[in-house]
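Trainee: Please find my_file24.csv (CSV, C-alpha atoms) on the next line:
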```csv
chain,number,residue,atom,x,y,z
Q,168,LEU,CA,56.1,-95.1,6.9
Q,169,ASN,CA,53.5,-97.7,7.0
Q,170,ASN,CA,50.8,-95.5,8.3
Q,171,ASP,CA,51.2,-93.0,5.4
Q,172,GLY,CA,47.7,-93.7,4.2
Q,173,GLY,CA,46.2,-93.0,7.7
Q,174,SER,CA,48.2,-89.7,7.8
Q,175,ARG,CA,46.8,-88.7,4.4
Q,176,SER,CA,43.2,-89.5,5.6
Q,177,GLN,CA,43.7,-87.5,8.7
Q,178,THR,CA,45.1,-84.6,6.7
Q,179,HIS,CA,42.1,-84.7,4.3
Q,180,ALA,CA,39.7,-84.7,7.3
Q,181,VAL,CA,41.5,-81.7,8.8
Q,182,VAL,CA,41.3,-79.9,5.4
Q,183,ARG,CA,37.6,-80.7,5.1
Q,184,GLN,CA,37.0,-79.5,8.6
Q,185,SER,CA,38.9,-76.3,8.0
Q,186,THR,CA,37.0,-75.7,4.8
Q,187,VAL,CA,33.6,-76.1,6.5
Q,188,GLY,CA,34.7,-73.9,9.4
Q,189,GLY,CA,35.9,-71.3,6.9
Q,190,VAL,CA,32.6,-71.3,5.1
Q,191,GLU,CA,30.6,-71.0,8.3
Q,192,ALA,CA,32.8,-68.1,9.4
Q,193,ALA,CA,32.4,-66.4,6.0
Q,194,VAL,CA,28.6,-66.8,6.2
Q,195,LYS,CA,28.5,-65.4,9.8
Q,196,GLU,CA,30.6,-62.4,8.7
Q,197,ALA,CA,28.4,-61.8,5.7
Q,198,VAL,CA,25.2,-61.9,7.8
Q,199,GLU,CA,26.8,-59.5,10.3
Q,200,ARG,CA,27.8,-57.1,7.6
Q,201,GLN,CA,24.3,-57.3,6.0
Q,202,ALA,CA,22.6,-56.7,9.4
Q,203,THR,CA,24.9,-53.7,10.1
Q,204,ALA,CA,24.3,-52.3,6.7
Q,205,CYS,CA,20.5,-52.5,7.2
Q,206,THR,CA,20.7,-50.9,10.7
Q,207,PRO,CA,21.9,-47.4,10.5
Q,208,PRO,CA,22.8,-45.5,13.6
Q,209,TRP,CA,19.8,-44.3,15.7
Q,210,PRO,CA,19.3,-40.7,16.8
Q,211,PHE,CA,20.5,-40.3,20.4
Q,212,PRO,CA,17.0,-39.8,21.8
Q,213,ARG,CA,16.0,-43.2,20.5
Q,214,VAL,CA,19.1,-44.8,22.1
Q,215,VAL,CA,18.0,-43.3,25.4
Q,216,ALA,CA,14.4,-44.3,25.0
Q,217,VAL,CA,15.4,-47.9,24.2
Q,218,ALA,CA,17.8,-48.0,27.2
Q,219,ALA,CA,15.0,-46.6,29.4
Q,220,ALA,CA,12.5,-49.1,28.2
Q,221,LEU,CA,14.9,-52.0,28.6
Q,222,ALA,CA,15.9,-50.9,32.1
Q,223,ALA,CA,12.3,-50.3,33.1
Q,224,MET,CA,11.4,-53.8,32.1
Q,225,LEU,CA,14.2,-55.1,34.4
Q,226,GLN,CA,13.9,-52.8,37.5
Q,227,LEU,CA,10.5,-51.2,37.6
Q,228,THR,CA,8.7,-54.5,37.8
Q,229,GLY,CA,9.9,-54.5,41.4
Q,230,VAL,CA,12.4,-57.4,41.6
Q,231,ASN,CA,14.7,-55.7,44.0
Q,232,ALA,CA,11.8,-54.6,46.2
Q,233,ILE,CA,10.5,-58.1,46.3
Q,234,ILE,CA,14.0,-59.5,47.1
Q,235,ASN,CA,14.9,-56.9,49.8
Q,236,PHE,CA,11.5,-56.9,51.4
Q,237,ALA,CA,10.7,-60.6,50.9
Q,238,PRO,CA,10.4,-61.4,54.6
Q,239,ALA,CA,7.9,-58.6,55.2
Q,240,ILE,CA,6.0,-59.4,52.0
Q,241,MET,CA,5.7,-63.1,52.8
Q,242,ALA,CA,4.6,-62.2,56.3
Q,243,GLN,CA,1.8,-60.1,54.9
Q,244,ILE,CA,0.5,-62.9,52.8
Q,245,GLY,CA,0.4,-65.3,55.8
Q,246,GLN,CA,3.9,-66.9,55.7
Q,247,PRO,CA,6.5,-66.7,58.5
Q,248,PRO,CA,9.2,-64.3,57.3
Q,249,VAL,CA,12.1,-66.7,57.5
Q,250,THR,CA,10.3,-69.6,55.9
Q,251,GLY,CA,9.0,-67.3,53.1
Q,252,ASN,CA,12.4,-65.8,52.5
Q,253,LEU,CA,14.0,-69.3,52.3
Q,254,MET,CA,11.3,-70.4,49.8
Q,255,LEU,CA,12.0,-67.5,47.6
Q,256,GLU,CA,15.7,-67.7,47.6
Q,257,SER,CA,15.7,-71.4,46.9
Q,258,TRP,CA,13.2,-70.9,44.1
Q,259,PHE,CA,15.4,-68.1,42.6
Q,260,PHE,CA,18.3,-70.6,42.2
Q,261,LEU,CA,16.1,-73.3,40.7
Q,262,SER,CA,14.5,-70.8,38.3
Q,263,THR,CA,17.8,-69.7,36.9
Q,264,LEU,CA,18.4,-73.2,35.6
Q,265,LEU,CA,15.5,-72.8,33.2
Q,266,THR,CA,17.5,-70.3,31.2
Q,267,ILE,CA,19.4,-73.2,29.6
Q,268,PRO,CA,16.5,-74.9,27.9
Q,269,ILE,CA,14.9,-71.5,27.1
Q,270,SER,CA,18.0,-70.4,25.2
Q,271,ARG,CA,17.7,-73.4,22.9
Q,272,VAL,CA,14.2,-72.6,21.7
Q,273,ALA,CA,13.8,-68.8,22.0
Q,274,ALA,CA,15.7,-65.7,20.8
Q,275,PRO,CA,16.9,-63.3,23.6
Q,276,ARG,CA,14.5,-60.5,22.6
Q,277,THR,CA,11.5,-62.9,22.5
Q,278,ALA,CA,12.5,-64.5,25.8
Q,279,TYR,CA,13.0,-61.2,27.5
Q,280,ILE,CA,9.6,-59.8,26.3
Q,281,VAL,CA,7.6,-62.9,27.3
Q,282,SER,CA,9.3,-63.1,30.7
Q,283,VAL,CA,8.5,-59.5,31.5
Q,284,VAL,CA,4.9,-59.9,30.5
Q,285,VAL,CA,4.6,-63.0,32.7
Q,286,ALA,CA,6.3,-61.2,35.6
Q,287,SER,CA,3.9,-58.3,35.2
Q,288,CYS,CA,0.9,-60.6,35.2
Q,289,CYS,CA,2.3,-62.2,38.4
Q,290,CYS,CA,2.5,-58.7,40.0
Q,291,VAL,CA,-1.2,-58.3,39.2
Q,292,LEU,CA,-2.0,-61.6,40.9
Q,293,THR,CA,0.0,-60.7,44.0
Q,294,GLY,CA,-1.6,-57.3,44.1
Q,295,ILE,CA,-5.0,-58.9,44.1
Q,296,ALA,CA,-4.0,-61.3,46.8
Q,297,THR,CA,-2.8,-58.5,49.1
Q,298,ALA,CA,-5.6,-56.0,48.4
Q,299,PRO,CA,-7.7,-55.5,51.6
Q,300,GLY,CA,-10.8,-54.9,49.6
Q,301,VAL,CA,-10.7,-58.4,48.0
Q,302,GLY,CA,-10.8,-60.0,51.4
Q,303,LEU,CA,-8.6,-63.0,50.7
Q,304,ARG,CA,-7.4,-64.7,53.9
Q,305,GLY,CA,-5.7,-67.9,54.8
Q,306,THR,CA,-5.0,-70.6,52.2
Q,307,ALA,CA,-6.5,-68.5,49.3
Q,308,GLN,CA,-4.2,-65.6,50.0
Q,309,VAL,CA,-1.2,-67.8,50.4
Q,310,VAL,CA,-1.9,-69.7,47.2
Q,311,LEU,CA,-2.6,-66.6,45.1
Q,312,GLY,CA,0.0,-64.3,46.6
Q,313,GLY,CA,2.7,-66.8,47.2
Q,314,GLY,CA,2.1,-68.4,43.9
Q,315,GLY,CA,2.3,-65.0,42.2
Q,316,LEU,CA,5.6,-64.3,43.8
Q,317,LEU,CA,7.1,-67.7,42.9
Q,318,ALA,CA,5.9,-67.4,39.3
Q,319,PHE,CA,7.3,-63.8,39.2
Q,320,ALA,CA,10.7,-65.1,40.5
Q,321,ALA,CA,10.7,-67.9,37.9
Q,322,ALA,CA,10.0,-65.5,35.0
Q,323,PHE,CA,12.5,-63.0,36.2
Q,324,HIS,CA,15.4,-65.4,36.9
Q,325,ALA,CA,14.8,-67.6,33.9
Q,326,GLY,CA,14.3,-64.8,31.4
Q,327,THR,CA,14.3,-61.1,32.4
Q,328,GLY,CA,17.5,-61.1,34.4
Q,329,PRO,CA,19.8,-63.2,32.2
Q,330,TYR,CA,18.7,-61.8,28.8
Q,331,PHE,CA,18.8,-58.1,29.9
Q,332,PHE,CA,22.6,-58.2,29.8
Q,333,ILE,CA,22.6,-59.7,26.3
Q,334,LEU,CA,20.1,-57.2,24.9
Q,335,ALA,CA,21.9,-54.3,26.6
Q,336,GLN,CA,24.5,-54.7,23.9
Q,337,THR,CA,23.0,-56.5,21.0
Q,338,VAL,CA,19.7,-54.6,20.7
Q,339,PHE,CA,21.6,-51.5,19.5
Q,340,PRO,CA,23.1,-50.9,16.1
Q,341,SER,CA,26.7,-52.1,15.9
Q,342,ALA,CA,28.1,-48.6,15.7
Q,343,GLN,CA,26.3,-47.6,18.9
Q,344,ARG,CA,26.6,-50.7,21.1
Q,345,GLU,CA,29.1,-49.1,23.5
Q,346,LEU,CA,27.0,-46.0,23.9
Q,347,GLY,CA,23.7,-47.9,24.2
Q,348,ALA,CA,25.1,-50.4,26.7
Q,349,SER,CA,26.6,-47.6,28.8
Q,350,VAL,CA,23.3,-45.6,28.9
Q,351,THR,CA,21.3,-48.8,29.6
Q,352,GLN,CA,23.4,-49.7,32.6
Q,353,MET,CA,23.3,-46.1,33.9
Q,354,VAL,CA,19.5,-46.0,33.7
Q,355,GLN,CA,19.0,-49.4,35.2
Q,356,PHE,CA,21.1,-48.6,38.2
Q,357,ALA,CA,19.2,-45.3,38.6
Q,358,PHE,CA,15.9,-47.2,38.5
Q,359,ASN,CA,17.3,-49.8,40.9
Q,360,THR,CA,18.2,-47.1,43.5
Q,361,ALA,CA,14.9,-45.4,43.1
Q,362,VAL,CA,12.9,-48.6,43.7
Q,363,ASN,CA,14.9,-49.6,46.7
Q,364,VAL,CA,14.6,-46.1,48.3
Q,365,LEU,CA,11.0,-45.3,47.4
Q,366,PHE,CA,9.3,-48.7,47.7
Q,367,PRO,CA,8.9,-48.6,51.5
Q,368,VAL,CA,8.2,-44.9,51.6
Q,369,VAL,CA,5.5,-44.9,48.9
Q,370,SER,CA,4.0,-48.1,50.1
Q,371,GLN,CA,3.6,-46.7,53.7
Q,372,ALA,CA,2.3,-43.4,52.4
Q,373,ILE,CA,-0.4,-45.1,50.3
Q,374,SER,CA,-1.4,-47.2,53.4
Q,375,GLY,CA,-2.0,-44.0,55.3
Q,376,GLY,CA,1.1,-44.0,57.4
Q,377,PRO,CA,2.6,-46.5,59.9
Q,378,SER,CA,-0.8,-47.0,61.6
Q,379,GLY,CA,-2.7,-47.8,58.4
Q,380,ASP,CA,-3.2,-51.2,56.8
Q,381,GLN,CA,0.1,-51.9,55.1
Q,382,ASN,CA,-1.5,-54.3,52.7
Q,383,THR,CA,-3.2,-51.3,51.0
Q,384,GLY,CA,0.2,-49.8,50.0
Q,385,LEU,CA,1.7,-53.2,49.2
Q,386,SER,CA,-1.1,-54.1,46.9
Q,387,ALA,CA,-0.9,-50.7,45.1
Q,388,MET,CA,2.8,-51.1,44.6
Q,389,PHE,CA,2.4,-54.5,42.9
Q,390,PHE,CA,-0.2,-52.9,40.5
Q,391,ILE,CA,2.3,-50.0,39.9
Q,392,PHE,CA,5.0,-52.6,39.1
Q,393,ALA,CA,2.7,-54.4,36.7
Q,394,GLY,CA,1.8,-51.2,35.0
Q,395,CYS,CA,5.5,-50.3,34.6
Q,396,GLY,CA,6.2,-53.7,33.1
Q,397,PHE,CA,3.4,-53.5,30.6
Q,398,VAL,CA,4.3,-49.9,29.5
Q,399,GLY,CA,8.0,-50.7,29.3
Q,400,THR,CA,7.3,-53.8,27.2
Q,401,ALA,CA,5.1,-51.9,24.8
Q,402,ALA,CA,7.7,-49.1,24.4
Q,403,PHE,CA,10.5,-51.6,23.9
Q,404,VAL,CA,8.5,-53.6,21.3
Q,405,ALA,CA,7.6,-50.4,19.4
Q,406,LEU,CA,11.2,-49.0,19.4
Q,407,THR,CA,13.0,-52.3,18.5
Q,408,ARG,CA,10.6,-54.0,16.1
Q,409,PRO,CA,12.4,-56.6,14.0
Q,410,SER,CA,13.0,-55.8,10.3
Q,411,ARG,CA,11.4,-58.1,7.8
Q,412,ALA,CA,14.0,-57.1,5.2
Q,413,ILE,CA,16.5,-59.7,6.4
Q,414,SER,CA,15.8,-63.4,7.1
Q,415,GLN,CA,19.2,-64.9,8.0
Q,416,PRO,CA,20.2,-67.2,10.9
Q,417,ASP,CA,21.6,-65.5,13.9
Q,418,PHE,CA,24.4,-67.9,14.7
Q,419,ALA,CA,25.5,-66.2,17.9
Q,420,THR,CA,22.3,-66.1,19.9
Q,421,ASP,CA,19.4,-67.7,18.2
Q,422,GLY,CA,20.2,-71.2,17.1
Q,423,GLY,CA,18.6,-70.5,13.7
Q,424,SER,CA,16.0,-67.7,14.2
Q,425,SER,CA,16.6,-64.2,13.1
Q,426,GLU,CA,15.8,-60.9,14.9
Q,427,VAL,CA,17.4,-58.0,13.2
Q,428,VAL,CA,16.4,-54.6,14.7
Q,429,SER,CA,14.9,-52.2,12.2
Q,430,GLY,CA,16.6,-48.9,11.8
Q,431,SER,CA,13.5,-47.0,10.9
```
Could you write out this file's structure as C-alpha cells?

Mentor:
Amino acid sequence: LNNDGGSRSQTHAVVRQSTVGGVEAAVKEAVERQATACTPPWPFPRVVAVAAALAAMLQLTGVNAIINFAPAIMAQIGQPPVTGNLMLESWFFLSTLLTIPISRVAAPRTAYIVSVVVASCCCVLTGIATAPGVGLRGTAQVVLGGGGLLAFAAAFHAGTGPYFFILAQTVFPSAQRELGASVTQMVQFAFNTAVNVLFPVVSQAISGGPSGDQNTGLSAMFFIFAGCGFVGTAAFVALTRPSRAISQPDFATDGGSSEVVSGS
C-alpha cells in the first residue's frame, strides 16, 4: 500500500474536522441550554400580546391593502393603474433579494423592527402625498406618493415579510414556541382579513361616501397604517427586550450577534 501515508493524512484531517465540528455542536448546545434556562415560560397574556404586536407590525401597516388596491392607489397619485401595478409588482420581486445581504449584517429581530419603522414612515409620506389639503399635484405627488409606496414595498419585502416567519417561532421561549407560533399565525390571519375587508369600506366612509374625494379617505388610511406600525413596534420592543445577562453568539440566525429575549 504505497499510498498509506496519504491515507493516514486523510484520516487525521477527517478526525480534526470531526473534532472541530463536535466542539462547535457542543458550544451551540450549551448556548441554547443557557438561553432556555434564562428564559422561563411567559404568562399566557404576554404570549398573546407579543403575538398581537408581531402580527400588527406585519398586517396593520397595510401591505395587503396596498397590494390588492395598487391599481386604484397608483391611479389616485397620477399613474395609470396597469403601469403602476406593474411597477409595484416588479419592485416587490427586486426588493425581496435584499433579504440576503441584510441577513448577513443584522439579526432577525433588529431587521424586523427597522423595516417596520421604515415602512410606517413611508405610509406617512404617502398619506401626505394623497392628502387633498396638502395640494400636491403632478410630478410632486407622483414622486412623494409613488416613492413612498416603492420604499414601503422595499422595506416590507426585504425585512418585514421574511423575518416575520422567523420571529413567529424564535421570539418565544423554547417551551412555548408551538403555542406562540400558532397564536401569532391566527392573529395575523385575522388582521389580514380585517384589513382586506375594511380598507375600502373605511376609506370610502372617511371620504364622505362614493361621491366624496376618495383621496381624503386614502390619505387617512395611510396615516392609520403608520400609527399601527409605530404602536405595534413600541409594544413589541417593550415586550421582547433583549436580556443583557447573556452575551453568546447566536449561531443559527445571527452570524455572531446575540439577541436573547428576557423572561422578565

Trainee: Please, which residues are within 12 Å of (7.9, -48.1, 54.8) by the file's coordinates, counting all atoms listed in the file, and could they come as a list in words?

Mentor: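 Applying the cut-off with all atoms listed in the file, one gets Ala232, Phe236, Ala239, Ile240, Asn363, Val364, Leu365, Phe366, Pro367, Val368, Val369, Ser370, Gln371, Ala372, Ile373, Ser374, Gly375, Gly376, Pro377, Ser378, Gly379, Asp380, Gln381, Asn382, Gly384, Leu385 and Met388 of chain Q.
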
Trainee: Do a neighbour search on Q:Cys290 at 8 Å with all atoms listed in the file, toss out local chain neighbours closer than 6 positions, and write the hits as a list in words.

Mentor: Thr228, Gly315, Leu316, Phe319, Phe389, Phe390, Phe392 and Ala393 of chain Q

Trainee: Kindly indicate which residue among Q:Ala401, Q:Ala348, Q:Ala342, Q:Ala320 lies nearest to Q:Asn231, using all atoms listed in the file for the distances.

Mentor: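 When distances to Q:Asn231 are compared using all atoms listed in the file, the smallest one comes from Q:Ala320.
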